[in-house]
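Coordinates as given in query_0.txt (compact mmCIF, N, CA and C atoms):
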```txt
# COMPACT_ATOMS: atom_id res chain seq x y z
N MET A 1 53.10 175.71 131.92
CA MET A 1 54.35 175.01 132.13
C MET A 1 55.43 175.94 132.67
N GLY A 2 55.53 177.14 132.13
CA GLY A 2 56.55 178.06 132.56
C GLY A 2 56.44 178.41 134.03
N TYR A 3 55.18 178.55 134.53
CA TYR A 3 54.94 178.89 135.93
C TYR A 3 55.45 177.77 136.84
N ARG A 4 55.17 176.50 136.52
CA ARG A 4 55.63 175.37 137.33
C ARG A 4 57.15 175.32 137.36
N LYS A 5 57.77 175.55 136.22
CA LYS A 5 59.23 175.52 136.15
C LYS A 5 59.79 176.64 137.03
N PHE A 6 59.16 177.80 137.01
CA PHE A 6 59.59 178.93 137.84
C PHE A 6 59.50 178.57 139.32
N ILE A 7 58.38 177.97 139.74
CA ILE A 7 58.17 177.59 141.14
C ILE A 7 59.20 176.53 141.56
N ALA A 8 59.41 175.52 140.72
CA ALA A 8 60.38 174.47 141.04
C ALA A 8 61.78 175.05 141.16
N THR A 9 62.16 175.90 140.22
CA THR A 9 63.48 176.52 140.25
C THR A 9 63.62 177.40 141.49
N GLY A 10 62.59 178.15 141.82
CA GLY A 10 62.61 178.99 143.01
C GLY A 10 62.79 178.18 144.27
N GLY A 11 62.14 177.03 144.33
CA GLY A 11 62.28 176.15 145.49
C GLY A 11 63.69 175.64 145.64
N ILE A 12 64.30 175.27 144.54
CA ILE A 12 65.68 174.77 144.57
C ILE A 12 66.63 175.88 144.99
N VAL A 13 66.44 177.08 144.43
CA VAL A 13 67.29 178.21 144.79
C VAL A 13 67.13 178.52 146.28
N CYS A 14 65.91 178.49 146.78
CA CYS A 14 65.65 178.75 148.20
C CYS A 14 66.39 177.74 149.08
N ILE A 15 66.32 176.47 148.71
CA ILE A 15 66.98 175.43 149.50
C ILE A 15 68.49 175.60 149.46
N LEU A 16 69.04 175.85 148.27
CA LEU A 16 70.49 175.99 148.15
C LEU A 16 71.01 177.26 148.81
N ALA A 17 70.33 178.36 148.62
CA ALA A 17 70.83 179.63 149.11
C ALA A 17 70.55 179.86 150.59
N PHE A 18 69.37 179.46 151.01
CA PHE A 18 68.97 179.81 152.37
C PHE A 18 68.70 178.61 153.26
N GLY A 19 68.67 177.43 152.71
CA GLY A 19 68.35 176.26 153.49
C GLY A 19 66.88 176.19 153.85
N CYS A 20 66.11 177.20 153.49
CA CYS A 20 64.66 177.25 153.79
C CYS A 20 64.36 176.77 155.21
N GLY A 21 65.01 177.37 156.17
CA GLY A 21 64.73 177.03 157.56
C GLY A 21 65.60 175.90 158.08
N THR A 22 66.32 175.21 157.22
CA THR A 22 67.19 174.13 157.66
C THR A 22 68.59 174.70 157.82
N THR A 23 69.01 174.88 159.05
CA THR A 23 70.35 175.39 159.29
C THR A 23 71.13 174.35 160.08
N VAL A 24 72.41 174.35 159.89
CA VAL A 24 73.28 173.46 160.65
C VAL A 24 73.53 174.16 161.97
N SER A 25 73.20 173.50 163.05
CA SER A 25 73.34 174.11 164.36
C SER A 25 74.81 174.18 164.77
N SER A 26 75.08 175.01 165.74
CA SER A 26 76.43 175.13 166.29
C SER A 26 76.88 173.79 166.86
N VAL A 27 75.94 173.05 167.44
CA VAL A 27 76.25 171.72 167.99
C VAL A 27 76.73 170.81 166.87
N GLU A 28 76.00 170.81 165.76
CA GLU A 28 76.37 169.94 164.64
C GLU A 28 77.69 170.37 164.03
N LEU A 29 77.93 171.66 163.92
CA LEU A 29 79.22 172.13 163.39
C LEU A 29 80.37 171.70 164.29
N LEU A 30 80.15 171.73 165.60
CA LEU A 30 81.19 171.27 166.52
C LEU A 30 81.43 169.77 166.34
N ARG A 31 80.37 168.99 166.25
CA ARG A 31 80.54 167.54 166.06
C ARG A 31 81.29 167.24 164.76
N ILE A 32 80.99 167.99 163.72
CA ILE A 32 81.69 167.81 162.45
C ILE A 32 83.18 168.14 162.62
N SER A 33 83.48 169.24 163.31
CA SER A 33 84.88 169.63 163.54
C SER A 33 85.62 168.59 164.37
N ALA A 34 84.98 168.14 165.45
CA ALA A 34 85.61 167.11 166.29
C ALA A 34 85.84 165.83 165.50
N ASP A 35 84.86 165.43 164.70
CA ASP A 35 85.03 164.24 163.85
C ASP A 35 86.19 164.43 162.87
N GLN A 36 86.28 165.61 162.26
CA GLN A 36 87.38 165.87 161.32
C GLN A 36 88.72 165.76 162.03
N TYR A 37 88.80 166.29 163.25
CA TYR A 37 90.05 166.22 164.01
C TYR A 37 90.44 164.77 164.27
N TYR A 38 89.51 163.99 164.83
CA TYR A 38 89.85 162.61 165.17
C TYR A 38 90.01 161.72 163.95
N GLN A 39 89.29 161.98 162.88
CA GLN A 39 89.52 161.22 161.65
C GLN A 39 90.93 161.53 161.13
N GLY A 40 91.35 162.78 161.24
CA GLY A 40 92.70 163.15 160.84
C GLY A 40 93.76 162.42 161.65
N ILE A 41 93.54 162.31 162.95
CA ILE A 41 94.47 161.57 163.81
C ILE A 41 94.43 160.09 163.47
N ARG A 42 93.22 159.55 163.40
CA ARG A 42 93.06 158.11 163.17
C ARG A 42 93.69 157.65 161.86
N TRP A 43 93.46 158.40 160.80
CA TRP A 43 93.95 157.99 159.47
C TRP A 43 95.26 158.67 159.10
N LYS A 44 95.89 159.31 160.09
CA LYS A 44 97.20 159.93 159.93
C LYS A 44 97.21 161.03 158.86
N ALA A 45 96.07 161.70 158.74
CA ALA A 45 95.96 162.89 157.90
C ALA A 45 96.16 164.08 158.84
N PHE A 46 97.40 164.22 159.31
CA PHE A 46 97.69 165.16 160.38
C PHE A 46 97.44 166.62 160.01
N SER A 47 97.60 166.97 158.75
CA SER A 47 97.30 168.35 158.33
C SER A 47 95.82 168.67 158.51
N GLN A 48 94.97 167.68 158.26
CA GLN A 48 93.52 167.85 158.47
C GLN A 48 93.23 168.15 159.93
N ALA A 49 93.87 167.40 160.84
CA ALA A 49 93.67 167.63 162.27
C ALA A 49 94.28 168.96 162.69
N ALA A 50 95.46 169.28 162.19
CA ALA A 50 96.15 170.51 162.57
C ALA A 50 95.36 171.76 162.17
N ALA A 51 94.59 171.67 161.11
CA ALA A 51 93.80 172.82 160.66
C ALA A 51 92.78 173.25 161.69
N LEU A 52 92.47 172.39 162.66
CA LEU A 52 91.48 172.71 163.69
C LEU A 52 92.13 173.21 164.98
N LEU A 53 93.44 173.41 164.95
CA LEU A 53 94.19 173.94 166.10
C LEU A 53 94.48 175.42 165.87
N PRO A 54 94.82 176.14 166.95
CA PRO A 54 95.25 177.53 166.76
C PRO A 54 96.49 177.56 165.86
N PRO A 55 96.60 178.54 164.97
CA PRO A 55 97.71 178.58 164.02
C PRO A 55 99.09 178.46 164.66
N GLU A 56 99.28 179.06 165.83
CA GLU A 56 100.59 179.04 166.48
C GLU A 56 100.98 177.65 167.02
N ARG A 57 100.05 176.72 167.07
CA ARG A 57 100.34 175.38 167.61
C ARG A 57 100.44 174.30 166.52
N ARG A 58 100.14 174.66 165.30
CA ARG A 58 100.08 173.67 164.22
C ARG A 58 101.43 173.04 163.90
N ALA A 59 102.48 173.82 163.78
CA ALA A 59 103.79 173.28 163.40
C ALA A 59 104.30 172.28 164.44
N ALA A 60 104.20 172.61 165.72
CA ALA A 60 104.65 171.70 166.77
C ALA A 60 103.82 170.42 166.78
N PHE A 61 102.51 170.57 166.57
CA PHE A 61 101.62 169.41 166.51
C PHE A 61 102.03 168.48 165.36
N LEU A 62 102.24 169.07 164.18
CA LEU A 62 102.61 168.26 163.01
C LEU A 62 103.95 167.56 163.24
N LYS A 63 104.90 168.24 163.83
CA LYS A 63 106.21 167.65 164.10
C LYS A 63 106.07 166.46 165.07
N ALA A 64 105.30 166.63 166.13
CA ALA A 64 105.10 165.56 167.11
C ALA A 64 104.37 164.37 166.50
N ARG A 65 103.34 164.63 165.72
CA ARG A 65 102.58 163.53 165.10
C ARG A 65 103.43 162.78 164.08
N GLU A 66 104.21 163.51 163.29
CA GLU A 66 105.06 162.86 162.29
C GLU A 66 106.13 161.99 162.97
N ALA A 67 106.62 162.43 164.12
CA ALA A 67 107.63 161.65 164.85
C ALA A 67 107.08 160.31 165.33
N GLU A 68 105.76 160.24 165.54
CA GLU A 68 105.14 159.00 166.02
C GLU A 68 104.28 158.31 164.95
N ARG A 69 104.40 158.74 163.71
CA ARG A 69 103.56 158.21 162.63
C ARG A 69 103.59 156.68 162.57
N GLU A 70 104.74 156.08 162.72
CA GLU A 70 104.87 154.63 162.56
C GLU A 70 104.57 153.84 163.84
N THR A 71 104.49 154.51 164.98
CA THR A 71 104.34 153.77 166.24
C THR A 71 103.02 154.01 166.98
N PHE A 72 102.43 155.19 166.84
CA PHE A 72 101.20 155.51 167.59
C PHE A 72 100.00 155.42 166.66
N ASN A 73 99.01 154.61 167.06
CA ASN A 73 97.84 154.39 166.22
C ASN A 73 96.56 154.58 167.02
N VAL A 74 95.69 155.46 166.55
CA VAL A 74 94.34 155.57 167.11
C VAL A 74 93.47 154.64 166.27
N LEU A 75 92.87 153.66 166.95
CA LEU A 75 92.09 152.64 166.26
C LEU A 75 90.61 152.95 166.20
N ASP A 76 90.12 153.68 167.19
CA ASP A 76 88.71 154.02 167.23
C ASP A 76 88.52 155.19 168.19
N TYR A 77 87.43 155.91 168.01
CA TYR A 77 87.09 157.00 168.93
C TYR A 77 85.58 157.14 169.00
N GLU A 78 85.12 157.72 170.08
CA GLU A 78 83.70 158.00 170.25
C GLU A 78 83.55 159.30 171.01
N ILE A 79 82.77 160.21 170.45
CA ILE A 79 82.47 161.44 171.16
C ILE A 79 81.45 161.08 172.23
N HIS A 80 81.89 161.16 173.47
CA HIS A 80 81.08 160.72 174.61
C HIS A 80 80.04 161.76 175.00
N SER A 81 80.46 163.03 175.06
CA SER A 81 79.52 164.09 175.43
C SER A 81 80.01 165.44 174.94
N VAL A 82 79.05 166.37 174.83
CA VAL A 82 79.34 167.74 174.41
C VAL A 82 78.56 168.67 175.32
N GLU A 83 79.25 169.65 175.92
CA GLU A 83 78.61 170.65 176.78
C GLU A 83 78.94 172.03 176.25
N PHE A 84 77.92 172.83 176.01
CA PHE A 84 78.12 174.18 175.46
C PHE A 84 78.03 175.23 176.54
N ASP A 85 78.84 176.27 176.40
CA ASP A 85 78.72 177.49 177.19
C ASP A 85 78.45 178.60 176.17
N VAL A 86 77.19 178.91 175.96
CA VAL A 86 76.79 179.85 174.92
C VAL A 86 77.40 181.23 175.16
N LYS A 87 77.47 181.67 176.42
CA LYS A 87 78.00 183.00 176.73
C LYS A 87 79.48 183.13 176.34
N LYS A 88 80.26 182.08 176.60
CA LYS A 88 81.69 182.12 176.29
C LYS A 88 82.00 181.62 174.88
N GLU A 89 80.98 181.16 174.18
CA GLU A 89 81.13 180.61 172.84
C GLU A 89 82.18 179.51 172.79
N ASN A 90 82.13 178.62 173.80
CA ASN A 90 83.01 177.48 173.78
C ASN A 90 82.26 176.23 174.20
N ALA A 91 82.93 175.10 174.09
CA ALA A 91 82.31 173.83 174.42
C ALA A 91 83.36 172.90 174.99
N ILE A 92 82.90 172.00 175.84
CA ILE A 92 83.73 170.92 176.36
C ILE A 92 83.26 169.63 175.71
N VAL A 93 84.19 168.93 175.10
CA VAL A 93 83.90 167.67 174.43
C VAL A 93 84.69 166.58 175.13
N ILE A 94 84.00 165.51 175.49
CA ILE A 94 84.65 164.35 176.09
C ILE A 94 84.71 163.26 175.01
N VAL A 95 85.92 162.77 174.76
CA VAL A 95 86.14 161.78 173.71
C VAL A 95 86.83 160.57 174.31
N ASP A 96 86.29 159.38 174.02
CA ASP A 96 86.94 158.13 174.38
C ASP A 96 87.62 157.59 173.14
N TYR A 97 88.85 157.14 173.28
CA TYR A 97 89.48 156.54 172.12
C TYR A 97 90.31 155.33 172.49
N THR A 98 90.46 154.44 171.53
CA THR A 98 91.23 153.21 171.66
C THR A 98 92.48 153.36 170.80
N TRP A 99 93.63 153.01 171.37
CA TRP A 99 94.89 153.24 170.69
C TRP A 99 95.91 152.18 171.07
N ASN A 100 96.99 152.14 170.32
CA ASN A 100 98.14 151.34 170.72
C ASN A 100 99.41 152.03 170.27
N ARG A 101 100.51 151.63 170.91
CA ARG A 101 101.82 152.17 170.56
C ARG A 101 102.72 150.96 170.27
N LEU A 102 103.14 150.85 169.03
CA LEU A 102 103.99 149.73 168.62
C LEU A 102 105.35 149.83 169.30
N PRO A 103 106.00 148.74 169.62
CA PRO A 103 105.75 147.39 169.15
C PRO A 103 104.69 146.62 169.95
N SER A 104 104.10 147.25 170.96
CA SER A 104 103.07 146.56 171.74
C SER A 104 101.83 146.34 170.87
N THR A 105 101.18 145.21 171.10
CA THR A 105 99.92 144.94 170.40
C THR A 105 98.73 145.11 171.36
N SER A 106 99.02 145.52 172.59
CA SER A 106 97.96 145.75 173.57
C SER A 106 97.17 147.00 173.22
N LEU A 107 95.85 146.90 173.34
CA LEU A 107 95.00 148.06 173.12
C LEU A 107 94.84 148.83 174.42
N GLU A 108 94.91 150.13 174.32
CA GLU A 108 94.73 151.03 175.46
C GLU A 108 93.48 151.86 175.20
N LYS A 109 92.83 152.28 176.28
CA LYS A 109 91.68 153.18 176.16
C LYS A 109 91.95 154.42 176.98
N SER A 110 91.59 155.55 176.42
CA SER A 110 91.78 156.83 177.10
C SER A 110 90.54 157.68 176.92
N ARG A 111 90.35 158.58 177.87
CA ARG A 111 89.28 159.57 177.80
C ARG A 111 89.93 160.95 177.85
N ILE A 112 89.57 161.77 176.87
CA ILE A 112 90.15 163.11 176.75
C ILE A 112 89.04 164.14 176.89
N GLN A 113 89.33 165.19 177.65
CA GLN A 113 88.42 166.34 177.72
C GLN A 113 89.04 167.46 176.90
N GLN A 114 88.30 167.93 175.92
CA GLN A 114 88.80 168.98 175.04
C GLN A 114 87.96 170.23 175.21
N ARG A 115 88.63 171.39 175.08
CA ARG A 115 87.91 172.66 175.07
C ARG A 115 88.01 173.23 173.66
N TRP A 116 86.86 173.46 173.07
CA TRP A 116 86.76 174.02 171.72
C TRP A 116 86.22 175.43 171.82
N GLN A 117 86.75 176.32 170.98
CA GLN A 117 86.33 177.72 170.95
C GLN A 117 85.69 178.03 169.60
N SER A 118 84.55 178.70 169.65
CA SER A 118 83.86 179.08 168.42
C SER A 118 84.29 180.47 167.97
N SER A 119 84.38 180.64 166.65
CA SER A 119 84.66 181.95 166.07
C SER A 119 83.96 182.01 164.71
N LYS A 120 84.09 183.13 164.03
CA LYS A 120 83.49 183.25 162.70
C LYS A 120 84.08 182.24 161.73
N ALA A 121 85.34 181.85 161.96
CA ALA A 121 86.02 180.89 161.08
C ALA A 121 85.62 179.45 161.37
N GLY A 122 84.94 179.21 162.48
CA GLY A 122 84.53 177.84 162.85
C GLY A 122 85.03 177.49 164.24
N TRP A 123 85.06 176.21 164.53
CA TRP A 123 85.48 175.72 165.84
C TRP A 123 86.98 175.40 165.83
N THR A 124 87.65 175.74 166.95
CA THR A 124 89.08 175.49 167.11
C THR A 124 89.30 174.73 168.41
N LEU A 125 90.10 173.68 168.36
CA LEU A 125 90.48 172.93 169.56
C LEU A 125 91.59 173.70 170.27
N VAL A 126 91.31 174.23 171.47
CA VAL A 126 92.27 175.09 172.14
C VAL A 126 93.02 174.40 173.28
N SER A 127 92.45 173.35 173.87
CA SER A 127 93.17 172.63 174.93
C SER A 127 92.55 171.26 175.13
N GLN A 128 93.34 170.38 175.74
CA GLN A 128 92.81 169.07 176.09
C GLN A 128 93.60 168.50 177.25
N GLU A 129 92.94 167.62 177.99
CA GLU A 129 93.59 166.93 179.09
C GLU A 129 93.01 165.52 179.21
N GLU A 130 93.84 164.60 179.68
CA GLU A 130 93.38 163.23 179.83
C GLU A 130 92.62 163.10 181.15
N LEU A 131 91.52 162.36 181.10
CA LEU A 131 90.70 162.11 182.28
C LEU A 131 90.81 160.63 182.65
N GLU A 132 90.42 160.31 183.87
CA GLU A 132 90.36 158.91 184.26
C GLU A 132 89.11 158.28 183.67
N LEU A 133 89.26 157.06 183.19
CA LEU A 133 88.11 156.31 182.70
C LEU A 133 87.33 155.78 183.89
N PRO A 134 86.01 155.65 183.76
CA PRO A 134 85.24 155.06 184.85
C PRO A 134 85.69 153.62 185.09
N ALA A 135 85.62 153.19 186.34
CA ALA A 135 86.00 151.82 186.68
C ALA A 135 85.07 150.84 185.98
N VAL A 136 85.63 149.74 185.55
CA VAL A 136 84.85 148.69 184.90
C VAL A 136 84.42 147.69 185.96
N LYS A 137 83.11 147.42 186.02
CA LYS A 137 82.58 146.46 186.97
C LYS A 137 82.41 145.11 186.28
N GLN A 138 82.59 144.03 187.03
CA GLN A 138 82.38 142.71 186.47
C GLN A 138 81.27 142.01 187.24
N ASP A 139 80.39 141.34 186.48
CA ASP A 139 79.37 140.55 187.15
C ASP A 139 79.93 139.14 187.40
N LYS A 140 79.14 138.25 187.92
CA LYS A 140 79.61 136.92 188.29
C LYS A 140 80.05 136.08 187.10
N THR A 141 79.62 136.41 185.91
CA THR A 141 80.00 135.64 184.73
C THR A 141 81.34 136.13 184.17
N GLY A 142 81.88 137.23 184.69
CA GLY A 142 83.14 137.76 184.23
C GLY A 142 82.99 138.69 183.04
N ILE A 143 81.77 139.00 182.64
CA ILE A 143 81.56 139.91 181.52
C ILE A 143 81.72 141.34 182.03
N ASP A 144 82.49 142.15 181.30
CA ASP A 144 82.70 143.54 181.70
C ASP A 144 81.43 144.34 181.46
N LEU A 145 81.03 145.09 182.48
CA LEU A 145 79.87 145.99 182.39
C LEU A 145 80.30 147.38 182.80
N LEU A 146 79.86 148.35 182.08
CA LEU A 146 80.18 149.74 182.45
C LEU A 146 79.10 150.31 183.30
```
The structure in this file should be written as structure tokens.
Amino acid sequence: MGYRKFIATGGIVCILAFGCGTTVSSVELLRISADQYYQGIRWKAFSQAAALLPPERRAAFLKAREAERETFNVLDYEIHSVEFDVKKENAIVIVDYTWNRLPSTSLEKSRIQQRWQSSKAGWTLVSQEELELPAVKQDKTGIDLL
């Protein structure tokens, strides 16, 4: 009995301490960071989102987000694509999101290209720019097709 208990305990320690070959990839860590950023924006947990920015940009970000807390709403987002540059230890993430700005009830869609930088501390969002969305095509029934 003691031997089985030792083997079982050793297996658990191996999994907890070393993952036994199961590691979270850099890709997955980036997706987690990007999700944390957009969840922070979406649910107005701005400090959560700001933690993923360079330290020198956090205060201005928080001030701008707080100024629009009651009027700007991100309703949904989707990480469209992720491209890694292993040599530069950075990645380009394309994110589509749906938002509105009160008092308007119209939904808007935007596509953002973000540049994330990897470091020992994790991934940091260092820049972003808005991109044009692809044109929406309509078939004869009037249903929107991408």
Next item on the list: Measure the distance from atom C of Ala49 (chain A) to CA of Gln128 (chain A) in Å and round it to one decimal.
Entry: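 A separation of 13.5 Å between them.
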Item checked: Computed interatomic separation between atom C of Ile32 (chain A) and CA of Arg57 (chain A) (Å) ->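 Calculated distance between atom C of Ile32 (chain A) and CA of Arg57 (chain A) is 19.3 Å.
Of the residues under consideration (A:Gln114, A:Leu131, A:Lys63, A:Tyr37), A:Tyr37 shows the shortest atom-to-atom contact distance to Ala51 (chain A) when counting only N, CA and C atoms.
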Next item on the list: State, in Å with one decimal place, the distance from CA of Val74 (chain A) to CA of Ser118 (chain A).
Entry: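 Separation of CA of Val74 (chain A) and CA of Ser118 (chain A): 25.8 Å.
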Note to self: Using all atoms listed in the file, list the residues that have an atom at most 8 Å from (87.1, 161.5, 180.1), coordinates as in the file, as a PyMOL selection string.
What the structure shows: chain A and resi 93-96+110-114+129-134
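The shell of residues at most 12 Å from Lys88 (chain A), with only C-alpha atoms counted and near chain neighbours (fewer than 4 positions) removed, consists of Glu83, Phe84, Ile92, Arg115, Trp116, Gln117, Ser118 and Ser119 of chain A.
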Next item on the list: as a count of residues only, list the residues of region 33-145 of chain A assigned to strand (DSSP E or B) by DSSP on the backbone atoms of this structure.
Entry: 52
Note to self: Just want the 8 Å neighbourhood of Tyr77 (chain A), counted on all atoms listed in the file, with same-chain residues fewer than 4 positions away dropped. Output as a list in words.
What the structure shows: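 These residues fall inside the cut-off: Tyr38, Arg42, Val95, Asp96, Tyr97, Thr98 and Trp99 of chain A.
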Next item on the list: Find the residue from A:Asn73, A:Val126, A:His80, A:Leu53 that sits nearest to Asn100 (chain A); use all atoms listed in the file when measuring.
Entry: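 Among the listed residues, the smallest separation from Asn100 (chain A) belongs to A:Asn73.
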Checklist line | Residues near Leu102 (chain A), cut-off 10 Å, only C-alpha atoms, skip fewer than 6 positions along chain, as a PyMOL selection string | finding: chain A and resi 68+70-73
Next item on the list: Identify the residues within 7 Å of coordinate (98.3, 169.2, 161.0) (same frame as the file), considering only C-alpha atoms, and give the answer as a VMD selection string.
Entry: chain A and resid 46 to 51 58 61 to 62
